[in-house]
$ cat structure-v8.pdb   # PDB, C-alpha atoms
ATOM      1  CA  MET A 111       0.000   0.000   0.000  1.00  0.00           C
ATOM      2  CA  HIS A 112       1.221   3.482  -0.871  1.00  0.00           C
ATOM      3  CA  ALA A 113      -0.330   6.473   0.905  1.00  0.00           C
ATOM      4  CA  LEU A 114       0.489   9.742  -0.831  1.00  0.00           C
ATOM      5  CA  THR A 115       0.597  13.217   0.673  1.00  0.00           C
ATOM      6  CA  LEU A 116      -0.277  15.532  -2.186  1.00  0.00           C
ATOM      7  CA  THR A 117       1.515  18.796  -2.899  1.00  0.00           C
ATOM      8  CA  GLY A 118       0.398  21.602  -0.617  1.00  0.00           C
ATOM      9  CA  LEU A 119      -0.893  19.246   2.057  1.00  0.00           C
ATOM     10  CA  GLY A 120       2.375  18.321   3.751  1.00  0.00           C
ATOM     11  CA  PRO A 121       3.143  19.756   7.203  1.00  0.00           C
ATOM     12  CA  ASP A 122       6.344  21.329   5.902  1.00  0.00           C
ATOM     13  CA  ASP A 123       5.021  22.613   2.565  1.00  0.00           C
ATOM     14  CA  GLU A 124       5.701  26.284   2.006  1.00  0.00           C
ATOM     15  CA  ALA A 125       2.955  28.791   1.280  1.00  0.00           C
ATOM     16  CA  THR A 126       4.018  28.959  -2.373  1.00  0.00           C
ATOM     17  CA  ALA A 127       3.362  25.218  -2.775  1.00  0.00           C
ATOM     18  CA  VAL A 128      -0.078  25.532  -1.219  1.00  0.00           C
ATOM     19  CA  ALA A 129      -0.927  28.568  -3.346  1.00  0.00           C
ATOM     20  CA  SER A 130       0.126  26.988  -6.642  1.00  0.00           C
ATOM     21  CA  ALA A 131      -1.170  23.418  -6.205  1.00  0.00           C
ATOM     22  CA  ASN A 132      -4.196  22.513  -8.321  1.00  0.00           C
ATOM     23  CA  LEU A 133      -5.848  19.348  -9.609  1.00  0.00           C
ATOM     24  CA  ASP A 134      -3.197  18.886 -12.306  1.00  0.00           C
ATOM     25  CA  THR A 135      -0.491  19.136  -9.631  1.00  0.00           C
ATOM     26  CA  HIS A 136      -2.094  16.394  -7.594  1.00  0.00           C
ATOM     27  CA  ALA A 137      -2.559  14.120 -10.615  1.00  0.00           C
ATOM     28  CA  ASP A 138       1.122  14.671 -11.459  1.00  0.00           C
ATOM     29  CA  ASP A 139       2.059  13.698  -7.893  1.00  0.00           C
ATOM     30  CA  MET A 140       0.405  10.325  -8.395  1.00  0.00           C
ATOM     31  CA  LEU A 141       1.819   9.806 -11.861  1.00  0.00           C
ATOM     32  CA  ARG A 142       5.365  10.480 -10.633  1.00  0.00           C
ATOM     33  CA  HIS A 143       4.829   7.993  -7.824  1.00  0.00           C
ATOM     34  CA  LEU A 144       3.655   5.324 -10.269  1.00  0.00           C
ATOM     35  CA  ASP A 145       6.618   5.990 -12.548  1.00  0.00           C
ATOM     36  CA  ARG A 146       9.280   6.065  -9.825  1.00  0.00           C
ATOM     37  CA  ARG A 147       8.161   2.702  -8.478  1.00  0.00           C
ATOM     38  CA  ARG A 148       7.265   1.256 -11.891  1.00  0.00           C
ATOM     39  CA  LEU A 149       3.849   0.278 -10.622  1.00  0.00           C
ATOM     40  CA  ALA A 150       1.243  -1.455 -12.758  1.00  0.00           C
ATOM     41  CA  ASP A 151      -1.936  -3.450 -12.086  1.00  0.00           C
ATOM     42  CA  VAL A 152      -2.714  -0.765  -9.507  1.00  0.00           C
ATOM     43  CA  THR A 153      -5.813  -0.178  -7.397  1.00  0.00           C
ATOM     44  CA  LEU A 154      -6.381   3.545  -6.902  1.00  0.00           C
ATOM     45  CA  VAL A 155      -8.465   4.569  -3.892  1.00  0.00           C
ATOM     46  CA  GLY A 156      -9.697   8.127  -3.475  1.00  0.00           C
ATOM     47  CA  HIS A 157     -11.826   9.635  -0.720  1.00  0.00           C
ATOM     48  CA  SER A 158     -13.950  12.771  -1.193  1.00  0.00           C
ATOM     49  CA  TYR A 159     -12.020  15.313  -3.347  1.00  0.00           C
ATOM     50  CA  ALA A 160      -9.436  12.629  -4.168  1.00  0.00           C
ATOM     51  CA  GLY A 161     -12.003  11.027  -6.445  1.00  0.00           C
ATOM     52  CA  MET A 162     -11.199  13.886  -8.809  1.00  0.00           C
ATOM     53  CA  VAL A 163      -7.500  13.021  -8.628  1.00  0.00           C
ATOM     54  CA  ILE A 164      -7.801   9.294  -9.287  1.00  0.00           C
ATOM     55  CA  SER A 165     -10.200  10.024 -12.154  1.00  0.00           C
ATOM     56  CA  ALA A 166      -7.615  12.285 -13.776  1.00  0.00           C
ATOM     57  CA  VAL A 167      -4.865   9.707 -13.319  1.00  0.00           C
ATOM     58  CA  ALA A 168      -6.954   6.840 -14.660  1.00  0.00           C
ATOM     59  CA  ASP A 169      -7.774   8.878 -17.742  1.00  0.00           C
ATOM     60  CA  LEU A 170      -4.060   9.329 -18.422  1.00  0.00           C
ATOM     61  CA  VAL A 171      -2.739   5.821 -17.647  1.00  0.00           C
ATOM     62  CA  ALA A 172      -5.766   3.519 -17.712  1.00  0.00           C
ATOM     63  CA  GLY A 173      -3.657   0.578 -18.884  1.00  0.00           C
ATOM     64  CA  ARG A 174      -1.734   0.582 -15.591  1.00  0.00           C
ATOM     65  CA  ILE A 175      -4.842   0.706 -13.404  1.00  0.00           C
ATOM     66  CA  SER A 176      -6.812  -2.459 -12.639  1.00  0.00           C
ATOM     67  CA  ARG A 177      -9.307  -1.030 -10.156  1.00  0.00           C
ATOM     68  CA  LEU A 178     -10.724   2.328  -9.108  1.00  0.00           C
ATOM     69  CA  VAL A 179     -12.404   2.738  -5.737  1.00  0.00           C
ATOM     70  CA  HIS A 180     -14.191   6.027  -5.072  1.00  0.00           C
ATOM     71  CA  LEU A 181     -14.739   5.968  -1.299  1.00  0.00           C
ATOM     72  CA  ASP A 182     -17.622   8.419  -0.851  1.00  0.00           C
ATOM     73  CA  ALA A 183     -15.753  10.381  -3.473  1.00  0.00           C
ATOM     74  CA  PHE A 184     -16.592  12.459  -6.513  1.00  0.00           C
ATOM     75  CA  VAL A 185     -16.705  10.742  -9.901  1.00  0.00           C
ATOM     76  CA  PRO A 186     -16.443  13.714 -12.251  1.00  0.00           C
ATOM     77  CA  ARG A 187     -17.411  14.087 -15.863  1.00  0.00           C
ATOM     78  CA  ASP A 188     -15.367  16.151 -18.290  1.00  0.00           C
ATOM     79  CA  GLY A 189     -15.503  19.852 -17.423  1.00  0.00           C
ATOM     80  CA  GLU A 190     -16.628  19.391 -13.823  1.00  0.00           C
ATOM     81  CA  SER A 191     -14.763  20.494 -10.707  1.00  0.00           C
ATOM     82  CA  TRP A 192     -15.047  19.795  -7.014  1.00  0.00           C
ATOM     83  CA  TRP A 193     -16.713  23.193  -6.667  1.00  0.00           C
ATOM     84  CA  SER A 194     -19.312  22.530  -9.361  1.00  0.00           C
ATOM     85  CA  SER A 195     -19.987  19.011  -8.068  1.00  0.00           C
ATOM     86  CA  THR A 196     -20.439  19.720  -4.371  1.00  0.00           C
ATOM     87  CA  ASN A 197     -23.245  21.512  -2.511  1.00  0.00           C
ATOM     88  CA  GLU A 198     -23.693  24.568  -0.317  1.00  0.00           C
ATOM     89  CA  TYR A 199     -22.945  22.535   2.799  1.00  0.00           C
ATOM     90  CA  PHE A 200     -19.334  22.405   1.567  1.00  0.00           C
ATOM     91  CA  ARG A 201     -19.092  25.514  -0.596  1.00  0.00           C
ATOM     92  CA  ASN A 202     -19.991  27.917   2.205  1.00  0.00           C
ATOM     93  CA  PRO A 203     -17.370  26.745   4.733  1.00  0.00           C
ATOM     94  CA  ALA A 204     -14.808  26.426   1.923  1.00  0.00           C
ATOM     95  CA  ALA A 205     -15.309  30.059   0.976  1.00  0.00           C
ATOM     96  CA  ALA A 206     -15.158  31.112   4.623  1.00  0.00           C
ATOM     97  CA  GLY A 207     -12.062  28.981   5.198  1.00  0.00           C
ATOM     98  CA  ALA A 208     -10.241  30.647   2.309  1.00  0.00           C
ATOM     99  CA  ALA A 209     -10.929  34.169   3.548  1.00  0.00           C
ATOM    100  CA  HIS A 210      -7.672  34.425   5.508  1.00  0.00           C
ATOM    101  CA  THR A 211      -5.177  33.718   2.710  1.00  0.00           C
ATOM    102  CA  GLY A 212      -7.309  33.672  -0.418  1.00  0.00           C
ATOM    103  CA  TYR A 213      -5.531  30.568  -1.684  1.00  0.00           C
ATOM    104  CA  SER A 214      -6.012  27.887   0.972  1.00  0.00           C
ATOM    105  CA  ILE A 215      -8.979  26.572   2.905  1.00  0.00           C
ATOM    106  CA  ARG A 216      -8.501  26.352   6.650  1.00  0.00           C
ATOM    107  CA  PRO A 217      -9.732  23.086   8.220  1.00  0.00           C
ATOM    108  CA  PRO A 218     -12.836  23.410  10.423  1.00  0.00           C
ATOM    109  CA  ASP A 219     -12.207  24.195  14.073  1.00  0.00           C
ATOM    110  CA  GLY A 220     -12.033  21.128  16.270  1.00  0.00           C
ATOM    111  CA  SER A 221     -11.140  18.751  13.434  1.00  0.00           C
ATOM    112  CA  ASP A 222      -8.279  16.255  13.370  1.00  0.00           C
ATOM    113  CA  PRO A 223      -5.102  18.239  14.201  1.00  0.00           C
ATOM    114  CA  ARG A 224      -3.284  16.484  11.354  1.00  0.00           C
ATOM    115  CA  ARG A 225      -5.528  18.141   8.778  1.00  0.00           C
ATOM    116  CA  ARG A 226      -3.842  20.827   6.724  1.00  0.00           C
ATOM    117  CA  PRO A 227      -5.136  23.886   4.836  1.00  0.00           C
ATOM    118  CA  HIS A 228      -6.281  22.672   1.425  1.00  0.00           C
ATOM    119  CA  PRO A 229      -5.201  24.407  -1.818  1.00  0.00           C
ATOM    120  CA  LEU A 230      -8.234  26.299  -3.099  1.00  0.00           C
ATOM    121  CA  ALA A 231      -7.142  26.015  -6.744  1.00  0.00           C
ATOM    122  CA  SER A 232      -7.493  22.229  -6.618  1.00  0.00           C
ATOM    123  CA  PHE A 233     -11.168  22.614  -5.731  1.00  0.00           C
ATOM    124  CA  LEU A 234     -11.811  25.156  -8.476  1.00  0.00           C
ATOM    125  CA  GLN A 235      -9.971  23.651 -11.447  1.00  0.00           C
ATOM    126  CA  THR A 236     -12.158  21.783 -13.922  1.00  0.00           C
ATOM    127  CA  ILE A 237     -11.077  18.314 -14.937  1.00  0.00           C
ATOM    128  CA  ARG A 238     -10.244  17.338 -18.512  1.00  0.00           C
ATOM    129  CA  LEU A 239     -11.326  13.795 -19.344  1.00  0.00           C
ATOM    130  CA  THR A 240     -11.658  11.544 -22.367  1.00  0.00           C
ATOM    131  CA  ASP A 241     -13.343   8.150 -22.041  1.00  0.00           C
ATOM    132  CA  LYS A 242     -10.094   6.282 -21.345  1.00  0.00           C
ATOM    133  CA  ALA A 243     -10.923   5.660 -17.691  1.00  0.00           C
ATOM    134  CA  THR A 244     -13.751   3.392 -18.864  1.00  0.00           C
ATOM    135  CA  GLN A 245     -11.000   0.950 -19.869  1.00  0.00           C
ATOM    136  CA  VAL A 246     -10.217   0.288 -16.200  1.00  0.00           C
ATOM    137  CA  PRO A 247     -11.541  -3.254 -15.622  1.00  0.00           C
ATOM    138  CA  CYS A 248     -13.162  -2.612 -12.240  1.00  0.00           C
ATOM    139  CA  ARG A 249     -14.692   0.707 -11.158  1.00  0.00           C
ATOM    140  CA  GLU A 250     -16.351   0.909  -7.753  1.00  0.00           C
ATOM    141  CA  PHE A 251     -18.216   3.590  -5.831  1.00  0.00           C
ATOM    142  CA  VAL A 252     -18.813   3.404  -2.081  1.00  0.00           C
ATOM    143  CA  TYR A 253     -21.759   5.494  -0.922  1.00  0.00           C
ATOM    144  CA  CYS A 254     -21.830   6.456   2.755  1.00  0.00           C
ATOM    145  CA  SER A 255     -25.491   6.690   3.706  1.00  0.00           C
ATOM    146  CA  GLY A 256     -25.132   7.922   7.266  1.00  0.00           C
ATOM    147  CA  TRP A 257     -25.191  11.621   6.363  1.00  0.00           C
ATOM    148  CA  GLU A 258     -28.018  11.754   3.840  1.00  0.00           C
ATOM    149  CA  ASP A 259     -29.101  15.233   4.940  1.00  0.00           C
ATOM    150  CA  ARG A 260     -25.735  16.753   3.939  1.00  0.00           C
ATOM    151  CA  THR A 261     -24.076  14.580   1.315  1.00  0.00           C
ATOM    152  CA  PRO A 262     -23.504  16.010  -2.172  1.00  0.00           C
ATOM    153  CA  LEU A 263     -23.166  12.491  -3.548  1.00  0.00           C
ATOM    154  CA  ALA A 264     -26.756  11.198  -3.570  1.00  0.00           C
ATOM    155  CA  GLY A 265     -27.274  12.185  -7.208  1.00  0.00           C
ATOM    156  CA  LEU A 266     -23.968  10.581  -8.122  1.00  0.00           C
ATOM    157  CA  ARG A 267     -25.048   7.330  -6.455  1.00  0.00           C
ATOM    158  CA  ALA A 268     -28.242   7.317  -8.539  1.00  0.00           C
ATOM    159  CA  ARG A 269     -26.254   7.983 -11.708  1.00  0.00           C
ATOM    160  CA  LEU A 270     -23.788   5.158 -11.080  1.00  0.00           C
ATOM    161  CA  LEU A 271     -26.467   2.669 -10.048  1.00  0.00           C
ATOM    162  CA  ALA A 272     -27.901   3.125 -13.537  1.00  0.00           C
ATOM    163  CA  ASP A 273     -24.495   2.609 -15.172  1.00  0.00           C
ATOM    164  CA  PRO A 274     -23.579  -1.073 -15.773  1.00  0.00           C
ATOM    165  CA  GLY A 275     -19.892  -0.121 -15.801  1.00  0.00           C
ATOM    166  CA  TRP A 276     -19.912   0.568 -12.064  1.00  0.00           C
ATOM    167  CA  LEU A 277     -20.098  -1.587  -8.942  1.00  0.00           C
ATOM    168  CA  VAL A 278     -21.912   0.377  -6.221  1.00  0.00           C
ATOM    169  CA  HIS A 279     -21.608  -0.361  -2.500  1.00  0.00           C
ATOM    170  CA  GLU A 280     -23.180   1.271   0.528  1.00  0.00           C
ATOM    171  CA  LEU A 281     -21.879   1.771   4.055  1.00  0.00           C
ATOM    172  CA  PRO A 282     -24.099   3.137   6.845  1.00  0.00           C
ATOM    173  CA  THR A 283     -21.503   5.655   8.009  1.00  0.00           C
ATOM    174  CA  GLY A 284     -20.795   9.339   7.757  1.00  0.00           C
ATOM    175  CA  HIS A 285     -18.387  10.746   5.190  1.00  0.00           C
ATOM    176  CA  ASP A 286     -15.223   9.609   6.984  1.00  0.00           C
ATOM    177  CA  ALA A 287     -15.954   5.906   6.728  1.00  0.00           C
ATOM    178  CA  MET A 288     -12.309   4.954   7.188  1.00  0.00           C
ATOM    179  CA  HIS A 289     -12.447   6.455  10.684  1.00  0.00           C
ATOM    180  CA  GLU A 290     -15.937   5.314  11.619  1.00  0.00           C
ATOM    181  CA  ALA A 291     -15.757   1.781  10.219  1.00  0.00           C
ATOM    182  CA  PRO A 292     -12.116   0.968   9.400  1.00  0.00           C
ATOM    183  CA  GLN A 293     -12.619  -2.796   9.401  1.00  0.00           C
ATOM    184  CA  ALA A 294     -15.550  -2.611   7.003  1.00  0.00           C
ATOM    185  CA  VAL A 295     -13.604  -0.324   4.670  1.00  0.00           C
ATOM    186  CA  ALA A 296     -10.546  -2.589   4.806  1.00  0.00           C
ATOM    187  CA  ALA A 297     -12.672  -5.650   4.045  1.00  0.00           C
ATOM    188  CA  LEU A 298     -14.259  -3.894   1.090  1.00  0.00           C
ATOM    189  CA  LEU A 299     -10.888  -2.836  -0.317  1.00  0.00           C
ATOM    190  CA  LEU A 300      -9.564  -6.362   0.086  1.00  0.00           C
ATOM    191  CA  GLY A 301     -12.600  -7.748  -1.719  1.00  0.00           C
ATOM    192  CA  GLU A 302     -13.842  -9.577   1.354  1.00  0.00           C
ATOM    193  CA  GLY A 303     -17.179  -7.797   1.584  1.00  0.00           C
ATOM    194  CA  ALA A 304     -18.328  -5.640   4.496  1.00  0.00           C
ATOM    195  CA  VAL A 305     -21.350  -5.281   6.710  1.00  0.00           C
ATOM    196  CA  GLY A 306     -23.859  -2.884   5.232  1.00  0.00           C
ATOM    197  CA  ILE A 307     -22.799  -3.144   1.594  1.00  0.00           C
ATOM    198  CA  SER A 308     -25.785  -2.908  -0.688  1.00  0.00           C
ATOM    199  CA  ARG A 309     -26.658  -5.119  -3.624  1.00  0.00           C
ATOM    200  CA  PRO A 310     -23.966  -4.453  -6.233  1.00  0.00           C
ATOM    201  CA  VAL A 311     -24.471  -3.451  -9.805  1.00  0.00           C
ATOM    202  CA  LEU A 312     -21.992  -5.622 -11.673  1.00  0.00           C
ATOM    203  CA  PRO A 313     -19.831  -3.891 -14.235  1.00  0.00           C
ATOM    204  CA  VAL A 314     -19.601  -5.076 -17.806  1.00  0.00           C
ATOM    205  CA  GLY A 315     -17.377  -8.119 -18.198  1.00  0.00           C
ATOM    206  CA  ARG A 316     -17.559  -9.273 -14.582  1.00  0.00           C
TER     207      ARG A 316
END

$ encode --input "structure-v8.pdb" --output "C-alpha cells"
Amino acid sequence: MHALTLTGLGPDDEATAVASANLDTHADDMLRHLDRRRLADVTLVGHSYAGMVISAVADLVAGRISRLVHLDAFVPRDGESWWSSTNEYFRNPAAAGAAHTGYSIRPPDGSDPRRRPHPLASFLQTIRLTDKATQVPCREFVYCSGWEDRTPLAGLRARLLADPGWLVHELPTGHDAMHEAPQAVAALLLGEGAVGISRPVLPVGR
C-alpha cells in the first residue's frame, strides 16, 4: 500500500506550494509515484475530493490501473470540478475557510489536528477527461449513507447505479468511513465484503 501526501498538504510545505497546487499538480504527484516505483496493475483509492485526482490519473494511464475505488468520493465528468460538483454545505465553509489567505482553505475548528489547509485552486480547477478511464476493468463507488441530509453524492449514487460499468456499494456511516468503520472499509478494499454493503451493480465483463 502506498499512501500519498499531495503537494500543498504536507506539514512542511511552504505557502508557495499551497498557493500553486491545483488538480493537475495532484494528478502529477500520483503519476510520478507510479513511474518512480514502476507500478502497474494498480488499485487507486480516493476519498472525497481525491475522487477527482484518481479520475484524472486513470484517464491518463488507464492501462496501468486495474481497479478504481471512489470511497464516498466524486466521480467527475469532463468539465466538472469539485466546486461545481459539491453543494452549499461544503461551498460555504470552503469560501469562509479561504478568507484568511485567499488561496487555501482552513480546516474546520475542532477537526483532526493532522488536517492541513487545502489548496483552493485544486477545488476550483475543472477536470479534462476523455473516455479512457472506462478501460479500467473494475470501477467501484462506495456510498456512505449515514449523512443523507448533507451529502452532495446522492445524485452521483443514482447515476452510477444506472451505469452497468460501475459496482456500487453502501456503508451506513458518515463521510469519513475509514475512521468510523475501518474494518468494514478494509474488508471492502480487500474484496472480502463488508457489513452494510448494498446489492452491487456488476460492471460489464464481470

$ resolve_selection --input "structure-v8.pdb" --expression "the PyMOL selection byres ((chain A and resi 152) around 6)" --output "list in words"
Ala150, Asp151, Thr153, Ile175 and Ser176 of chain A

$ resolve_selection --input "structure-v8.pdb" --expression "the PyMOL selection byres ((chain A and resi 232-247) around 10)" --output "PDB file with C-alpha atoms, in the frame of the given file"
ATOM      1  CA  GLY A 118       0.398  21.602  -0.617  1.00  0.00           C
ATOM      2  CA  VAL A 128      -0.078  25.532  -1.219  1.00  0.00           C
ATOM      3  CA  ALA A 129      -0.927  28.568  -3.346  1.00  0.00           C
ATOM      4  CA  SER A 130       0.126  26.988  -6.642  1.00  0.00           C
ATOM      5  CA  ALA A 131      -1.170  23.418  -6.205  1.00  0.00           C
ATOM      6  CA  ASN A 132      -4.196  22.513  -8.321  1.00  0.00           C
ATOM      7  CA  LEU A 133      -5.848  19.348  -9.609  1.00  0.00           C
ATOM      8  CA  ASP A 134      -3.197  18.886 -12.306  1.00  0.00           C
ATOM      9  CA  THR A 135      -0.491  19.136  -9.631  1.00  0.00           C
ATOM     10  CA  HIS A 136      -2.094  16.394  -7.594  1.00  0.00           C
ATOM     11  CA  ASP A 151      -1.936  -3.450 -12.086  1.00  0.00           C
ATOM     12  CA  THR A 153      -5.813  -0.178  -7.397  1.00  0.00           C
ATOM     13  CA  TYR A 159     -12.020  15.313  -3.347  1.00  0.00           C
ATOM     14  CA  MET A 162     -11.199  13.886  -8.809  1.00  0.00           C
ATOM     15  CA  VAL A 163      -7.500  13.021  -8.628  1.00  0.00           C
ATOM     16  CA  ILE A 164      -7.801   9.294  -9.287  1.00  0.00           C
ATOM     17  CA  SER A 165     -10.200  10.024 -12.154  1.00  0.00           C
ATOM     18  CA  ALA A 166      -7.615  12.285 -13.776  1.00  0.00           C
ATOM     19  CA  VAL A 167      -4.865   9.707 -13.319  1.00  0.00           C
ATOM     20  CA  ALA A 168      -6.954   6.840 -14.660  1.00  0.00           C
ATOM     21  CA  ASP A 169      -7.774   8.878 -17.742  1.00  0.00           C
ATOM     22  CA  LEU A 170      -4.060   9.329 -18.422  1.00  0.00           C
ATOM     23  CA  VAL A 171      -2.739   5.821 -17.647  1.00  0.00           C
ATOM     24  CA  ALA A 172      -5.766   3.519 -17.712  1.00  0.00           C
ATOM     25  CA  GLY A 173      -3.657   0.578 -18.884  1.00  0.00           C
ATOM     26  CA  ARG A 174      -1.734   0.582 -15.591  1.00  0.00           C
ATOM     27  CA  ILE A 175      -4.842   0.706 -13.404  1.00  0.00           C
ATOM     28  CA  SER A 176      -6.812  -2.459 -12.639  1.00  0.00           C
ATOM     29  CA  ARG A 177      -9.307  -1.030 -10.156  1.00  0.00           C
ATOM     30  CA  LEU A 178     -10.724   2.328  -9.108  1.00  0.00           C
ATOM     31  CA  PRO A 186     -16.443  13.714 -12.251  1.00  0.00           C
ATOM     32  CA  ARG A 187     -17.411  14.087 -15.863  1.00  0.00           C
ATOM     33  CA  ASP A 188     -15.367  16.151 -18.290  1.00  0.00           C
ATOM     34  CA  GLY A 189     -15.503  19.852 -17.423  1.00  0.00           C
ATOM     35  CA  GLU A 190     -16.628  19.391 -13.823  1.00  0.00           C
ATOM     36  CA  SER A 191     -14.763  20.494 -10.707  1.00  0.00           C
ATOM     37  CA  TRP A 192     -15.047  19.795  -7.014  1.00  0.00           C
ATOM     38  CA  TRP A 193     -16.713  23.193  -6.667  1.00  0.00           C
ATOM     39  CA  SER A 194     -19.312  22.530  -9.361  1.00  0.00           C
ATOM     40  CA  SER A 195     -19.987  19.011  -8.068  1.00  0.00           C
ATOM     41  CA  THR A 196     -20.439  19.720  -4.371  1.00  0.00           C
ATOM     42  CA  ARG A 201     -19.092  25.514  -0.596  1.00  0.00           C
ATOM     43  CA  ALA A 204     -14.808  26.426   1.923  1.00  0.00           C
ATOM     44  CA  TYR A 213      -5.531  30.568  -1.684  1.00  0.00           C
ATOM     45  CA  SER A 214      -6.012  27.887   0.972  1.00  0.00           C
ATOM     46  CA  ILE A 215      -8.979  26.572   2.905  1.00  0.00           C
ATOM     47  CA  HIS A 228      -6.281  22.672   1.425  1.00  0.00           C
ATOM     48  CA  PRO A 229      -5.201  24.407  -1.818  1.00  0.00           C
ATOM     49  CA  LEU A 230      -8.234  26.299  -3.099  1.00  0.00           C
ATOM     50  CA  ALA A 231      -7.142  26.015  -6.744  1.00  0.00           C
ATOM     51  CA  CYS A 248     -13.162  -2.612 -12.240  1.00  0.00           C
ATOM     52  CA  ARG A 249     -14.692   0.707 -11.158  1.00  0.00           C
ATOM     53  CA  GLY A 275     -19.892  -0.121 -15.801  1.00  0.00           C
ATOM     54  CA  TRP A 276     -19.912   0.568 -12.064  1.00  0.00           C
ATOM     55  CA  PRO A 313     -19.831  -3.891 -14.235  1.00  0.00           C
ATOM     56  CA  VAL A 314     -19.601  -5.076 -17.806  1.00  0.00           C
ATOM     57  CA  GLY A 315     -17.377  -8.119 -18.198  1.00  0.00           C
ATOM     58  CA  ARG A 316     -17.559  -9.273 -14.582  1.00  0.00           C
TER      59      ARG A 316
END

$ closest_residue --input "structure-v8.pdb" --among "A:Thr211, A:Arg226, A:Ala291, A:Arg146" --to "A:Leu116" --atoms "only C-alpha atoms"
A:Arg226

$ atom_distance --input "structure-v8.pdb" --atom1 "atom CA of A:Val278" --atom2 "atom CA of A:Val252"
6.0 Å

$ closest_residue --input "structure-v8.pdb" --among "A:Leu298, A:Leu266, A:Ala287, A:Ala272" --to "A:Cys254" --atoms "only C-alpha atoms"
A:Ala287

$ atom_distance --input "structure-v8.pdb" --atom1 "atom CA of A:Pro282" --atom2 "atom CA of A:Ser255"
4.9 Å

$ atom_distance --input "structure-v8.pdb" --atom1 "atom CA of A:His143" --atom2 "atom CA of A:His112"
9.0 Å

$ closest_residue --input "structure-v8.pdb" --among "A:Asn197, A:Ser221, A:His180, A:Ala205" --to "A:His279" --atoms "all atoms listed in the file"
A:His180

$ decode --input "structure-v8.pdb" --residues "stretch 203-208 of chain A" --atoms "all heavy atoms" --output "JSON list (two decimals), in the first residue's frame"
[["chain", "number", "residue", "atom", "x", "y", "z"],
["A", 203, "PRO", "N", -18.55, 26.77, 3.86],
["A", 203, "PRO", "CA", -17.37, 26.74, 4.73],
["A", 203, "PRO", "C", -16.06, 26.82, 3.97],
["A", 203, "PRO", "O", -15.06, 27.32, 4.49],
["A", 203, "PRO", "CB", -17.50, 25.43, 5.50],
["A", 203, "PRO", "CG", -18.45, 24.60, 4.72],
["A", 203, "PRO", "CD", -19.37, 25.54, 4.03],
["A", 204, "ALA", "N", -16.03, 26.31, 2.72],
["A", 204, "ALA", "CA", -14.81, 26.43, 1.92],
["A", 204, "ALA", "C", -14.50, 27.88, 1.63],
["A", 204, "ALA", "O", -13.34, 28.33, 1.75],
["A", 204, "ALA", "CB", -14.95, 25.64, 0.62],
["A", 205, "ALA", "N", -15.52, 28.63, 1.24],
["A", 205, "ALA", "CA", -15.31, 30.06, 0.98],
["A", 205, "ALA", "C", -14.88, 30.79, 2.24],
["A", 205, "ALA", "O", -13.96, 31.63, 2.22],
["A", 205, "ALA", "CB", -16.59, 30.67, 0.42],
["A", 206, "ALA", "N", -15.52, 30.46, 3.36],
["A", 206, "ALA", "CA", -15.16, 31.11, 4.62],
["A", 206, "ALA", "C", -13.75, 30.71, 5.05],
["A", 206, "ALA", "O", -12.98, 31.55, 5.54],
["A", 206, "ALA", "CB", -16.17, 30.73, 5.71],
["A", 207, "GLY", "N", -13.39, 29.46, 4.81],
["A", 207, "GLY", "CA", -12.06, 28.98, 5.20],
["A", 207, "GLY", "C", -10.94, 29.56, 4.37],
["A", 207, "GLY", "O", -9.77, 29.55, 4.79],
["A", 208, "ALA", "N", -11.26, 30.06, 3.18],
["A", 208, "ALA", "CA", -10.24, 30.65, 2.31],
["A", 208, "ALA", "C", -10.10, 32.15, 2.53],
["A", 208, "ALA", "O", -9.24, 32.78, 1.91],
["A", 208, "ALA", "CB", -10.57, 30.37, 0.85]]
